[in-house]
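Peer 1: Have a peek at data.txt (compact mmCIF, C-alpha atoms).
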# COMPACT_ATOMS: atom_id res chain seq x y z
CA MET D 1 -16.95 -7.17 -1.13
CA SER D 2 -15.22 -4.54 1.03
CA GLU D 3 -11.58 -4.94 2.00
CA PHE D 4 -12.64 -5.68 5.58
CA ASP D 5 -15.14 -8.33 4.48
CA ARG D 6 -12.55 -9.87 2.21
CA ARG D 7 -10.00 -10.10 5.04
CA GLN D 8 -12.58 -11.57 7.37
CA PHE D 9 -13.62 -14.08 4.75
CA LEU D 10 -10.06 -15.17 4.12
CA GLN D 11 -9.49 -15.61 7.86
CA LEU D 12 -12.62 -17.70 8.06
CA ALA D 13 -11.53 -19.70 5.06
CA GLY D 14 -8.17 -20.29 6.70
CA VAL D 15 -9.90 -21.91 9.64
CA GLY D 16 -12.12 -24.00 7.43
CA GLY D 17 -9.36 -25.57 5.38
CA ALA D 18 -7.20 -24.91 2.37
CA VAL D 19 -7.64 -21.63 0.58
CA PHE D 20 -6.76 -21.03 -3.01
CA VAL D 21 -7.07 -17.68 -4.66
CA SER D 22 -6.74 -17.61 -8.39
CA GLY D 23 -5.50 -14.39 -9.89
CA LEU D 24 -7.44 -13.76 -13.04
CA ALA D 25 -7.05 -10.04 -13.35
CA GLY D 26 -6.01 -8.34 -16.58
CA GLY D 27 -8.85 -7.67 -18.96
CA ALA D 28 -11.35 -7.66 -16.12
CA ARG D 29 -10.24 -4.21 -15.05
CA ALA D 30 -10.85 -2.82 -18.49
CA ALA D 31 -14.40 -4.14 -18.34
CA ASP D 32 -14.90 -2.50 -14.93
CA ALA D 33 -13.79 0.82 -16.34
CA VAL D 34 -16.47 0.59 -19.00
CA ASN D 35 -19.24 -0.50 -16.67
CA PRO D 36 -18.18 -0.54 -13.04
CA SER D 37 -21.51 -1.78 -11.74
CA SER D 38 -21.85 -4.74 -14.08
CA TYR D 39 -20.46 -7.30 -11.61
CA ASP D 40 -21.83 -8.40 -8.30
CA ASP D 41 -19.95 -10.69 -5.90
CA PHE D 42 -21.65 -13.92 -4.93
CA PHE D 43 -20.82 -17.43 -3.89
CA PHE D 44 -21.85 -20.88 -4.88
CA VAL D 45 -21.26 -24.34 -3.45
CA GLN D 46 -19.73 -27.22 -5.38
CA LEU D 47 -20.41 -30.77 -4.25
CA SER D 48 -19.07 -33.74 -6.14
CA ASP D 49 -18.81 -37.48 -6.41
CA SER D 50 -21.41 -38.58 -3.88
CA HIS D 51 -21.63 -42.06 -5.51
CA TRP D 52 -25.05 -42.77 -4.04
CA GLY D 53 -25.47 -46.55 -3.95
CA PHE D 54 -21.83 -47.31 -3.16
CA GLU D 55 -21.28 -49.84 -0.42
CA GLY D 56 -17.96 -50.92 0.99
CA PRO D 57 -15.26 -50.50 3.64
CA PRO D 58 -13.94 -47.16 2.25
CA ASN D 59 -17.08 -45.56 3.69
CA PRO D 60 -19.07 -47.41 6.35
CA ASP D 61 -21.46 -44.43 6.46
CA ALA D 62 -22.16 -44.41 2.73
CA LYS D 63 -25.87 -43.72 3.23
CA GLY D 64 -25.22 -41.05 5.84
CA THR D 65 -22.51 -38.94 4.26
CA LEU D 66 -24.56 -37.17 1.60
CA PRO D 67 -27.35 -36.23 4.05
CA LYS D 68 -24.66 -34.86 6.38
CA ALA D 69 -23.24 -32.76 3.55
CA VAL D 70 -26.73 -31.48 2.72
CA ALA D 71 -27.19 -30.54 6.38
CA ALA D 72 -23.78 -28.82 6.40
CA VAL D 73 -24.72 -26.72 3.37
CA ASN D 74 -28.03 -25.85 4.99
CA ALA D 75 -26.14 -24.77 8.11
CA LEU D 76 -23.97 -22.22 6.28
CA ALA D 77 -24.40 -18.76 7.74
CA GLN D 78 -25.42 -17.45 4.34
CA ALA D 79 -27.19 -19.48 1.71
CA PRO D 80 -25.25 -19.80 -1.54
CA ASP D 81 -26.67 -18.38 -4.75
CA PHE D 82 -26.70 -21.88 -6.13
CA VAL D 83 -25.38 -25.38 -5.57
CA ILE D 84 -23.84 -27.51 -8.27
CA PHE D 85 -23.09 -31.24 -8.15
CA THR D 86 -20.22 -32.00 -10.51
CA GLY D 87 -20.97 -35.59 -11.38
CA ASP D 88 -20.95 -39.14 -10.10
CA LEU D 89 -24.13 -38.39 -8.22
CA THR D 90 -24.69 -42.15 -8.16
CA HIS D 91 -22.41 -45.16 -8.14
CA THR D 92 -22.53 -47.13 -11.34
CA THR D 93 -24.61 -50.25 -11.81
CA ASP D 94 -25.13 -52.44 -14.85
CA ASP D 95 -28.86 -52.62 -14.06
CA PRO D 96 -30.82 -49.71 -15.62
CA LYS D 97 -33.63 -50.15 -13.09
CA GLU D 98 -31.23 -49.95 -10.16
CA ARG D 99 -29.56 -46.90 -11.76
CA ARG D 100 -32.88 -45.08 -11.79
CA LYS D 101 -33.62 -46.16 -8.23
CA ARG D 102 -30.32 -44.67 -7.08
CA MET D 103 -30.99 -41.46 -9.00
CA ALA D 104 -34.44 -41.16 -7.44
CA GLU D 105 -33.01 -41.67 -3.96
CA PHE D 106 -30.22 -39.17 -4.60
CA ARG D 107 -32.76 -36.63 -5.87
CA ASP D 108 -34.84 -37.11 -2.71
CA VAL D 109 -31.84 -36.60 -0.43
CA VAL D 110 -30.66 -33.40 -2.13
CA ALA D 111 -34.24 -32.09 -2.26
CA GLU D 112 -33.60 -31.23 1.39
CA LEU D 113 -31.16 -28.49 0.34
CA LYS D 114 -32.52 -25.09 1.34
CA VAL D 115 -31.18 -23.50 -1.79
CA LYS D 116 -33.44 -22.36 -4.59
CA THR D 117 -31.20 -23.33 -7.47
CA VAL D 118 -29.49 -26.71 -7.54
CA ARG D 119 -27.74 -27.79 -10.72
CA PHE D 120 -26.34 -31.13 -11.79
CA ILE D 121 -23.87 -32.51 -14.26
CA PRO D 122 -23.23 -36.20 -14.85
CA GLY D 123 -20.18 -38.28 -14.07
CA GLU D 124 -19.19 -41.45 -15.86
CA HIS D 125 -20.88 -43.51 -13.13
CA ASP D 126 -24.17 -41.77 -13.95
CA ALA D 127 -24.00 -41.60 -17.70
CA SER D 128 -21.36 -43.71 -19.43
CA LEU D 129 -23.33 -46.97 -19.62
CA ASP D 130 -26.44 -45.48 -21.23
CA SER D 131 -25.12 -42.31 -22.91
CA GLY D 132 -26.73 -40.19 -20.21
CA LYS D 133 -30.28 -41.48 -20.79
CA ALA D 134 -31.25 -42.00 -17.13
CA PHE D 135 -29.47 -38.82 -16.03
CA LYS D 136 -31.47 -36.76 -18.54
CA GLU D 137 -34.73 -38.30 -17.29
CA PHE D 138 -33.99 -37.13 -13.75
CA PHE D 139 -31.80 -34.05 -14.06
CA GLY D 140 -32.13 -32.67 -17.58
CA ALA D 141 -29.50 -31.77 -20.14
CA THR D 142 -25.93 -32.96 -19.69
CA ASN D 143 -24.35 -29.84 -21.21
CA TYR D 144 -25.74 -26.34 -21.02
CA THR D 145 -24.92 -22.75 -20.20
CA PHE D 146 -26.36 -20.27 -17.75
CA GLU D 147 -25.70 -16.71 -16.67
CA HIS D 148 -25.41 -15.51 -13.11
CA LYS D 149 -24.54 -11.99 -12.01
CA GLY D 150 -22.25 -11.27 -14.87
CA VAL D 151 -20.61 -14.67 -15.08
CA HIS D 152 -21.11 -16.97 -18.04
CA PHE D 153 -21.20 -20.56 -16.82
CA ILE D 154 -20.59 -23.43 -19.23
CA VAL D 155 -21.37 -27.00 -18.26
CA LEU D 156 -19.54 -29.61 -20.32
CA ASP D 157 -20.33 -33.30 -20.58
CA ASN D 158 -17.18 -35.40 -20.89
CA VAL D 159 -18.75 -38.61 -19.60
CA SER D 160 -21.78 -39.61 -21.68
CA ASP D 161 -19.35 -40.94 -24.26
CA PRO D 162 -17.87 -44.00 -22.50
CA GLY D 163 -14.56 -43.14 -24.14
CA ALA D 164 -14.38 -39.91 -22.11
CA GLN D 165 -14.69 -37.55 -25.03
CA LEU D 166 -16.55 -34.31 -25.46
CA GLY D 167 -17.01 -35.16 -29.12
CA ASP D 168 -17.00 -32.95 -32.20
CA ALA D 169 -20.64 -31.90 -31.85
CA GLN D 170 -20.17 -30.61 -28.30
CA LEU D 171 -16.89 -28.91 -29.21
CA ALA D 172 -18.69 -27.14 -32.08
CA TRP D 173 -21.43 -26.13 -29.63
CA LEU D 174 -18.77 -24.78 -27.25
CA ALA D 175 -17.03 -22.86 -30.04
CA ASP D 176 -20.34 -21.36 -31.09
CA ASP D 177 -21.17 -20.32 -27.54
CA LEU D 178 -17.75 -18.78 -26.96
CA LYS D 179 -18.03 -16.71 -30.13
CA LYS D 180 -20.82 -14.79 -28.40
CA GLN D 181 -18.61 -13.92 -25.41
CA ALA D 182 -16.33 -10.91 -25.02
CA LYS D 183 -12.68 -11.84 -24.73
CA ASP D 184 -12.64 -10.50 -21.15
CA ALA D 185 -15.94 -12.12 -20.13
CA ARG D 186 -16.00 -13.90 -16.78
CA ILE D 187 -16.31 -17.55 -17.74
CA VAL D 188 -16.60 -20.50 -15.39
CA VAL D 189 -16.59 -24.02 -16.78
CA PHE D 190 -17.92 -27.05 -14.93
CA ALA D 191 -17.04 -30.57 -16.01
CA HIS D 192 -16.72 -33.92 -14.32
CA ARG D 193 -13.37 -35.09 -15.61
CA PRO D 194 -10.30 -32.89 -15.83
CA LEU D 195 -9.97 -31.23 -19.22
CA PHE D 196 -6.20 -31.65 -19.09
CA ASP D 197 -4.10 -34.81 -18.79
CA LEU D 198 -3.84 -34.96 -15.02
CA TYR D 199 -2.89 -38.64 -14.93
CA PRO D 200 -4.16 -40.66 -17.90
CA GLN D 201 -2.68 -43.83 -16.35
CA TRP D 202 -5.60 -43.64 -13.93
CA ASP D 203 -8.08 -42.34 -16.48
CA TRP D 204 -7.82 -38.83 -15.04
CA ALA D 205 -8.17 -37.07 -18.36
CA THR D 206 -10.57 -36.20 -21.17
CA ARG D 207 -9.41 -37.63 -24.46
CA ASP D 208 -10.21 -34.47 -26.42
CA GLY D 209 -10.07 -32.09 -23.45
CA ALA D 210 -7.16 -30.17 -24.99
CA LYS D 211 -9.47 -29.08 -27.82
CA ALA D 212 -11.82 -27.48 -25.28
CA VAL D 213 -8.91 -25.79 -23.52
CA ASP D 214 -7.71 -24.46 -26.89
CA LEU D 215 -11.14 -22.98 -27.52
CA LEU D 216 -11.16 -21.35 -24.08
CA MET D 217 -7.59 -20.05 -24.28
CA PRO D 218 -8.34 -16.75 -26.08
CA TYR D 219 -10.57 -15.70 -23.18
CA ALA D 220 -8.81 -13.85 -20.37
CA ASN D 221 -10.95 -14.89 -17.40
CA VAL D 222 -11.68 -18.60 -17.45
CA THR D 223 -11.77 -20.93 -14.46
CA VAL D 224 -12.66 -24.62 -14.50
CA PHE D 225 -14.17 -26.55 -11.59
CA TYR D 226 -14.40 -30.32 -11.83
CA GLY D 227 -14.60 -33.54 -9.78
CA HIS D 228 -13.74 -37.16 -10.63
CA ILE D 229 -10.43 -37.44 -8.76
CA HIS D 230 -11.91 -37.28 -5.22
CA GLN D 231 -9.43 -34.77 -3.86
CA GLU D 232 -8.42 -31.17 -4.17
CA HIS D 233 -6.09 -30.41 -7.03
CA HIS D 234 -5.12 -27.10 -8.59
CA HIS D 235 -3.54 -26.78 -12.00
CA MET D 236 -2.93 -24.09 -14.59
CA THR D 237 -3.06 -24.54 -18.35
CA GLY D 238 -1.67 -21.18 -19.39
CA HIS D 239 -3.84 -18.60 -17.62
CA ILE D 240 -6.75 -21.03 -17.11
CA ALA D 241 -7.07 -22.41 -13.57
CA HIS D 242 -8.51 -25.89 -12.98
CA HIS D 243 -9.73 -26.81 -9.48
CA SER D 244 -10.94 -30.29 -8.55
CA ALA D 245 -13.26 -30.92 -5.63
CA LYS D 246 -13.25 -33.49 -2.86
CA SER D 247 -15.68 -36.38 -2.92
CA LEU D 248 -18.57 -37.17 -0.62
CA ILE D 249 -17.92 -40.91 -0.48
CA PHE D 250 -14.21 -41.76 -0.32
CA ALA D 251 -10.90 -40.08 -1.02
CA LEU D 252 -8.56 -41.28 -3.74
CA PRO D 253 -4.76 -41.25 -3.54
CA VAL D 254 -2.55 -38.60 -5.08
CA ALA D 255 -1.89 -39.41 -8.75
CA GLY D 256 0.74 -42.11 -9.11
CA SER D 257 1.41 -42.32 -5.36
CA GLN D 258 0.49 -46.01 -5.27
CA PRO D 259 0.28 -48.72 -7.92
CA LYS D 260 -3.52 -48.85 -8.13
CA ARG D 261 -6.19 -46.19 -8.03
CA THR D 262 -7.88 -47.72 -4.98
CA PRO D 263 -9.77 -45.64 -2.40
CA LEU D 264 -7.94 -44.47 0.67
CA PRO D 265 -9.04 -46.52 3.68
CA TRP D 266 -11.62 -45.18 6.09
CA ASP D 267 -9.99 -44.00 9.30
CA PRO D 268 -12.32 -44.63 12.27
CA ALA D 269 -10.24 -42.16 14.32
CA GLN D 270 -10.93 -39.45 11.73
CA PRO D 271 -14.20 -40.33 9.99
CA TYR D 272 -14.94 -38.41 6.80
CA ARG D 273 -11.30 -37.36 6.51
CA GLY D 274 -10.58 -36.26 2.97
CA LEU D 275 -14.26 -35.77 2.16
CA GLY D 276 -16.02 -32.46 1.88
CA PHE D 277 -17.44 -29.77 -0.32
CA ARG D 278 -16.46 -26.23 -1.14
CA GLU D 279 -17.71 -22.72 -1.22
CA VAL D 280 -16.57 -20.62 -4.13
CA LYS D 281 -16.75 -16.89 -3.62
CA ALA D 282 -16.76 -15.02 -6.90
CA GLU D 283 -15.09 -11.63 -6.50
CA LEU D 284 -15.89 -10.35 -9.88
CA LYS D 285 -14.32 -6.93 -9.91
CA GLN D 286 -11.00 -8.69 -9.55
CA ALA D 287 -12.23 -11.76 -11.42
CA ASP D 288 -10.95 -13.77 -8.47
CA TYR D 289 -12.42 -16.91 -6.96
CA VAL D 290 -11.85 -17.64 -3.30
CA ILE D 291 -12.27 -21.32 -2.59
CA THR D 292 -13.05 -22.58 0.89
CA GLU D 293 -12.93 -26.30 1.50
CA LEU D 294 -15.45 -27.45 4.11
CA PRO D 295 -15.75 -30.76 5.92
CA VAL D 296 -18.81 -32.98 5.82
CA GLN D 297 -18.93 -32.85 9.59
CA ARG D 298 -17.37 -30.29 11.89
CA ALA D 299 -14.89 -31.73 14.43
CA MET W 1 24.08 -53.44 -80.77
CA ILE W 2 22.62 -56.74 -79.88
CA PHE W 3 25.34 -57.17 -77.31
CA ASP W 4 24.65 -53.72 -75.87
CA MET W 5 20.94 -54.44 -75.62
CA ASN W 6 21.65 -57.77 -73.97
CA ARG W 7 24.05 -56.11 -71.58
CA ARG W 8 21.50 -53.46 -70.68
CA GLY W 9 18.93 -56.16 -70.31
CA PHE W 10 21.26 -58.10 -68.04
CA VAL W 11 21.94 -55.04 -65.91
CA ASP W 12 18.21 -54.28 -65.67
CA THR W 13 17.44 -57.87 -64.76
CA ALA W 14 20.22 -57.95 -62.19
CA GLY W 15 18.98 -54.70 -60.70
CA ALA W 16 15.45 -56.02 -60.49
CA LEU W 17 16.74 -59.20 -58.89
CA ALA W 18 18.75 -57.23 -56.36
CA LEU W 19 15.68 -55.18 -55.48
CA SER W 20 13.52 -58.23 -55.12
CA LEU W 21 16.18 -59.89 -52.99
CA ALA W 22 16.31 -56.78 -50.81
CA ALA W 23 12.55 -56.79 -50.53
CA GLY W 24 12.66 -60.50 -49.80
CA TYR W 25 15.17 -59.87 -47.05
CA ALA W 26 12.95 -57.20 -45.56
CA LEU W 27 10.00 -59.54 -45.59
CA ALA W 28 12.09 -62.30 -44.08
CA LYS W 29 13.08 -60.25 -41.03
CA PRO W 30 12.42 -62.13 -37.82
CA LYS W 31 8.73 -61.89 -36.97
CA THR W 32 7.82 -59.94 -33.85
CA ARG W 33 6.53 -61.89 -30.93
CA VAL W 34 2.75 -61.83 -30.75
CA ILE W 35 1.16 -61.43 -27.34
CA LYS W 36 -2.56 -62.15 -27.26
CA VAL W 37 -4.54 -60.13 -24.72
CA VAL W 38 -8.21 -60.66 -23.92
CA ALA W 39 -10.11 -57.69 -22.49
CA LYS W 40 -13.00 -59.15 -20.55
CA LYS W 41 -15.22 -57.97 -17.73
CA PHE W 42 -13.28 -56.61 -15.86
CA GLU W 43 -9.71 -57.67 -16.43
CA PHE W 44 -7.04 -57.97 -19.04
CA VAL W 45 -5.81 -61.53 -19.53
CA PRO W 46 -2.89 -61.58 -19.01
CA SER W 47 -2.81 -58.62 -16.67
CA GLU W 48 1.00 -58.58 -16.74
CA ILE W 49 2.82 -58.28 -20.04
CA HIS W 50 6.57 -58.97 -19.95
CA VAL W 51 8.90 -57.74 -22.69
CA LYS W 52 12.62 -57.14 -22.96
CA GLN W 53 13.96 -53.65 -23.36
CA GLY W 54 14.49 -52.94 -27.05
CA GLU W 55 12.08 -55.66 -28.11
CA THR W 56 9.22 -54.93 -30.46
CA VAL W 57 6.13 -57.03 -29.90
CA THR W 58 2.73 -57.22 -31.51
CA LEU W 59 -0.15 -56.95 -29.08
CA GLU W 60 -3.24 -58.71 -30.38
CA PHE W 61 -6.42 -57.78 -28.54
CA THR W 62 -9.88 -59.24 -28.45
CA ALA W 63 -12.86 -58.09 -26.38
CA PRO W 64 -15.45 -60.86 -26.41
CA GLU W 65 -18.13 -59.18 -24.31
CA VAL W 66 -18.50 -55.40 -24.57
CA PRO W 67 -16.50 -52.52 -26.09
CA MET W 68 -13.34 -51.88 -24.14
CA GLY W 69 -10.30 -49.66 -24.49
CA PHE W 70 -6.59 -50.20 -24.08
CA ASN W 71 -4.51 -47.24 -22.98
CA LEU W 72 -0.78 -47.41 -22.27
CA ASP W 73 -0.13 -43.74 -21.80
CA ASP W 74 3.60 -44.02 -21.06
CA PHE W 75 4.06 -45.28 -24.62
CA LYS W 76 1.26 -43.12 -26.06
CA LEU W 77 -0.58 -46.21 -27.28
CA ARG W 78 -4.33 -46.60 -27.17
CA ALA W 79 -7.03 -48.40 -29.10
CA ASP W 80 -10.72 -49.12 -28.99
CA LEU W 81 -11.35 -52.84 -28.59
CA VAL W 82 -14.55 -53.87 -30.32
CA PRO W 83 -16.26 -57.25 -29.88
CA GLY W 84 -15.87 -59.46 -32.93
CA LYS W 85 -12.72 -57.74 -34.12
CA VAL W 86 -9.02 -58.43 -33.51
CA THR W 87 -7.08 -55.25 -32.82
CA THR W 88 -3.31 -55.30 -33.28
CA MET W 89 -0.77 -52.84 -32.02
CA HIS W 90 3.02 -52.75 -32.22
CA LEU W 91 4.92 -51.91 -29.10
CA THR W 92 8.62 -51.10 -29.03
CA ALA W 93 9.87 -51.28 -25.47
CA ASP W 94 12.36 -48.43 -25.60
CA LYS W 95 12.47 -47.90 -21.84
CA SER W 96 12.55 -50.20 -18.86
CA GLY W 97 10.29 -50.27 -15.84
CA SER W 98 6.70 -51.05 -14.88
CA PHE W 99 3.97 -49.18 -16.69
CA THR W 100 0.25 -49.21 -15.99
CA PHE W 101 -2.23 -49.82 -18.78
CA LEU W 102 -5.95 -49.59 -18.33
CA CYS W 103 -9.32 -49.84 -19.96
CA ASP W 104 -10.31 -46.28 -20.87
CA VAL W 105 -13.78 -47.05 -22.17
CA PHE W 106 -16.28 -47.20 -19.30
CA CYS W 107 -17.42 -50.79 -19.53
CA GLY W 108 -19.41 -51.56 -16.39
CA THR W 109 -19.34 -51.92 -12.64
CA GLY W 110 -15.78 -53.24 -12.45
CA HIS W 111 -14.34 -50.79 -14.97
CA GLU W 112 -12.25 -48.87 -12.48
CA GLU W 113 -10.37 -51.99 -11.42
CA MET W 114 -9.59 -52.98 -15.00
CA SER W 115 -5.90 -52.31 -15.40
CA GLY W 116 -2.65 -54.18 -15.89
CA THR W 117 1.10 -53.73 -15.96
CA LEU W 118 3.65 -53.77 -18.73
CA ILE W 119 6.98 -54.89 -17.32
CA VAL W 120 10.01 -54.04 -19.45
CA SER W 121 13.23 -55.63 -18.17
Will you turn the file into structure tokens for me?
Peer 2:
Amino acid sequence: MSEFDRRQFLQLAGVGGAVFVSGLAGGARAADAVNPSSYDDFFFVQLSDSHWGFEGPPNPDAKGTLPKAVAAVNALAQAPDFVIFTGDLTHTTDDPKERRKRMAEFRDVVAELKVKTVRFIPGEHDASLDSGKAFKEFFGATNYTFEHKGVHFIVLDNVSDPGAQLGDAQLAWLADDLKKQAKDARIVVFAHRPLFDLYPQWDWATRDGAKAVDLLMPYANVTVFYGHIHQEHHHMTGHIAHHSAKSLIFALPVAGSQPKRTPLPWDPAQPYRGLGFREVKAELKQADYVITELPVQRA
Amino acid sequence: MIFDMNRRGFVDTAGALALSLAAGYALAKPKTRVIKVVAKKFEFVPSEIHVKQGETVTLEFTAPEVPMGFNLDDFKLRADLVPGKVTTMHLTADKSGSFTFLCDVFCGTGHEEMSGTLIVS
């Protein structure tokens, strides 16, 4: 990305909403010196917490919001390299048949995305009542890795265990995968729940998330994107940045700002306020990520 | 000699008695108050637990329906609550205020509303 393009992009991002630039330089420059052409800028879109099947006053347009978000992604001037949904695709139900019905409907709605690669990870609403069984039937593995233009992406599952744990087996899998990475590799982690104790009083945590962070800590360029808390939040554990995404169904209050973790009320004067999705521009020579928050519906 | 042995024996016996009395005293300390809590779909009963600052209580949990969790993060207390089993936990209320506890094992459709308050006064 040229300096002019970068400036223009930041201006655009400033109009669109909050902008957060994480500085993850350091070892990245050394890698550039060895192989300056090994990285290629790109962007992806993160959508989260669509809770398909939810009904209630916090979103009177529950069936319309996800299709609007899909249309908004399709209307982007440039198609993203890929789209990822970071969990709670569907709203939980105790009925396995209804769960599958919601997953099928969700899959049909997002099939309208004009993006070649769409990836999914589960949230606790999708996976915690059946250990991810239905999710796997519709969307495949709950934890996996993939490579894209020089970035190593790691998808973690901290929801299939109803106790919100990654578990020893997955931590061993993560450790094994990380052993194959250079210490200055560009690593992006996706998870549903925060890997740090954001606010355990509201279940905004992963019980053994600190073990994953410890495993990631020796790597210089790690960024985590997650969902679950239905709002933007930015946090550092050492040099590792953690960015949560907005929801596509209802916003939740700031941690501890009210006694109960109840959804923020729908505001008819400002429908879809607090909802949205994000573009993430990977500027890999600097190992920076420019995040642009986008609304479900333009004003 | 006999006297000495008897004396030693007396001292030993007295020592043993003193120890057993001490142990008896320890065992006889006032019992902590037991508060029974039922974790059911999707509420804790009671949902408010009242204790006095400085008091130590025993929380005695049952979960008659499905596996649940109890998490009182402000006191770093948590436990899995398994149907068919009584789970006990000691809580020393060393600070006053209202503290949220919640079920941290995803237990069904009402899981996210399943929380309660510890009130230490």
Peer 1: Write out as JSON lines a residue-level contact list of chain D versus chain W with cut-off 7 Å: for each qualifying residue the closest pair of atoms and the distance in Å to one decimal, counting all atoms listed in the file, rows sorted by chain and residue number upward.
Peer 2:
{"residue": "D:Thr92", "atom": "CA", "partner": "W:Thr109", "partner_atom": "CA", "distance": 5.9}
{"residue": "D:Thr93", "atom": "CA", "partner": "W:Thr109", "partner_atom": "CA", "distance": 5.6}
{"residue": "D:Asp94", "atom": "CA", "partner": "W:Gly108", "partner_atom": "CA", "distance": 6.0}
{"residue": "D:Ser128", "atom": "CA", "partner": "W:Phe106", "partner_atom": "CA", "distance": 6.2}
{"residue": "D:Leu129", "atom": "CA", "partner": "W:Gly108", "partner_atom": "CA", "distance": 6.8}
{"residue": "D:Pro162", "atom": "CA", "partner": "W:Phe106", "partner_atom": "CA", "distance": 4.8}
{"residue": "D:Gly163", "atom": "CA", "partner": "W:Val105", "partner_atom": "CA", "distance": 4.4}
{"residue": "D:Pro200", "atom": "CA", "partner": "W:Asp73", "partner_atom": "CA", "distance": 6.4}
{"residue": "D:Gln201", "atom": "CA", "partner": "W:Asp73", "partner_atom": "CA", "distance": 6.0}
{"residue": "D:Asp203", "atom": "CA", "partner": "W:Asp104", "partner_atom": "CA", "distance": 6.3}
Peer 1: When you count all atoms listed in the file, which of these residues is closest to Thr86 in chain D: D:Leu264, D:Ala127, D:Ala220, D:Leu47?
Peer 2: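 Among D:Leu264, D:Ala127, D:Ala220, D:Leu47, it is D:Leu47 that comes nearest to Thr86 in chain D.
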Peer 1: Can you pull out the residues contacting Asp214 in chain D? Cut-off 12 Å, using only C-alpha atoms, and skip same-chain residues under 5 positions away; I want them as a PyMOL selection string.
Peer 2: chain D and resi 171+174-175+178+195-196+208-209+219+222+237-240
Peer 1: Can you spit out the residues from that selection as a compact mmCIF listing (two decimals), in the coordinates of the input, using C-alpha atoms?
Peer 2:
# COMPACT_ATOMS: atom_id res chain seq x y z
CA LEU D 171 -16.89 -28.91 -29.21
CA LEU D 174 -18.77 -24.78 -27.25
CA ALA D 175 -17.03 -22.86 -30.04
CA LEU D 178 -17.75 -18.78 -26.96
CA LEU D 195 -9.97 -31.23 -19.22
CA PHE D 196 -6.20 -31.65 -19.09
CA ASP D 208 -10.21 -34.47 -26.42
CA GLY D 209 -10.07 -32.09 -23.45
CA TYR D 219 -10.57 -15.70 -23.18
CA VAL D 222 -11.68 -18.60 -17.45
CA THR D 237 -3.06 -24.54 -18.35
CA GLY D 238 -1.67 -21.18 -19.39
CA HIS D 239 -3.84 -18.60 -17.62
CA ILE D 240 -6.75 -21.03 -17.11
Peer 1: What gap, in Å, lies between CA of Phe61 in chain W and CA of Arg207 in chain D?
Peer 2: 20.8 Å
Peer 1: Just to confirm, what's the straight-line distance from CA of Ala212 in chain D to CA of Asp161 in chain D in Å (one decimal)?
Peer 2: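 Going from CA of Ala212 in chain D over to CA of Asp161 in chain D covers 15.5 Å.
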Peer 1: Once you count only C-alpha atoms, which residues end up no further than 6 Å from (-1.7, -34.5, -11.4) in the file's frame, shown as a list in words?
Peer 2: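 Residues with an atom at most 6 Å from (-1.7, -34.5, -11.4): Leu198, Tyr199 and Ala255 of chain D.
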Peer 1: What are the nearest atom pairs, with distances in Å to one decimal, for all residues of range 235-258 of chain D that come at most 12 Å from range 66-74 of chain D, using all atoms listed in the file, set out by chain and rising residue number as CSV?
Peer 2:
residue,atom,partner,partner_atom,distance
D:Lys246,CA,D:Ala69,CA,11.9
D:Ser247,CA,D:Leu66,CA,10.0
D:Leu248,CA,D:Leu66,CA,6.4
D:Ile249,CA,D:Leu66,CA,7.9
D:Phe250,CA,D:Leu66,CA,11.5
Peer 1: So which one's closest to Ser47 in chain W, W:Phe70, W:Glu65, W:Lys31, W:His90? Using only C-alpha atoms, please.
Peer 2: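 Closest candidate: W:Phe70.
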Peer 1: Place a sphere of radius 12 Å on (5.4, -55.8, -20.6) in the file coordinates and name every protein, DNA or RNA residue with an atom inside or on its surface, counting all atoms listed in the file; give the answer as a ChimeraX atom specification.
Peer 2: /W:35,37,46-59,72,74-75,91-101,116-121
Peer 1: Expressed in Å to a single decimal, how great is the separation between CA of Val118 in chain D and CA of Phe82 in chain D?
Peer 2: 5.8 Å
Peer 1: Got a sec: who's within 6 Å of His192 in chain D, counting all atoms listed in the file, leaving out chain neighbours fewer than 6 positions off, as a list of chain:residue names?
Peer 2: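 Contacts, in chain order: D:Thr86, D:Gly87, D:Gly123, D:Tyr226, D:Gly227, D:His228.
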Peer 1: I'd like the box whose edges run along x, y and z of the file and which contains every listed atom of range 69-81 of chain W, padded by 3 Å per side; could you state its centre and edge lengths in Å, one decimal, as JSON?
Peer 2:
{"center_x": -3.6, "center_y": -48.0, "center_z": -25.1, "size_x": 21.4, "size_y": 15.7, "size_z": 14.0}
Peer 1: Might you pull out every residue within 8 Å of Ala185 in chain D, with all atoms listed in the file counted and same-chain residues fewer than 4 positions away left off, and present them as an MDAnalysis selection string?
Peer 2: chainID D and resid 28 151:152 181 219:221
Peer 1: W:Glu60, W:Arg78, W:Met114, W:Val86: which is nearest Thr32 in chain W, counting only C-alpha atoms?
Peer 2: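 Nearest candidate to Thr32 in chain W out of W:Glu60, W:Arg78, W:Met114, W:Val86: W:Glu60.
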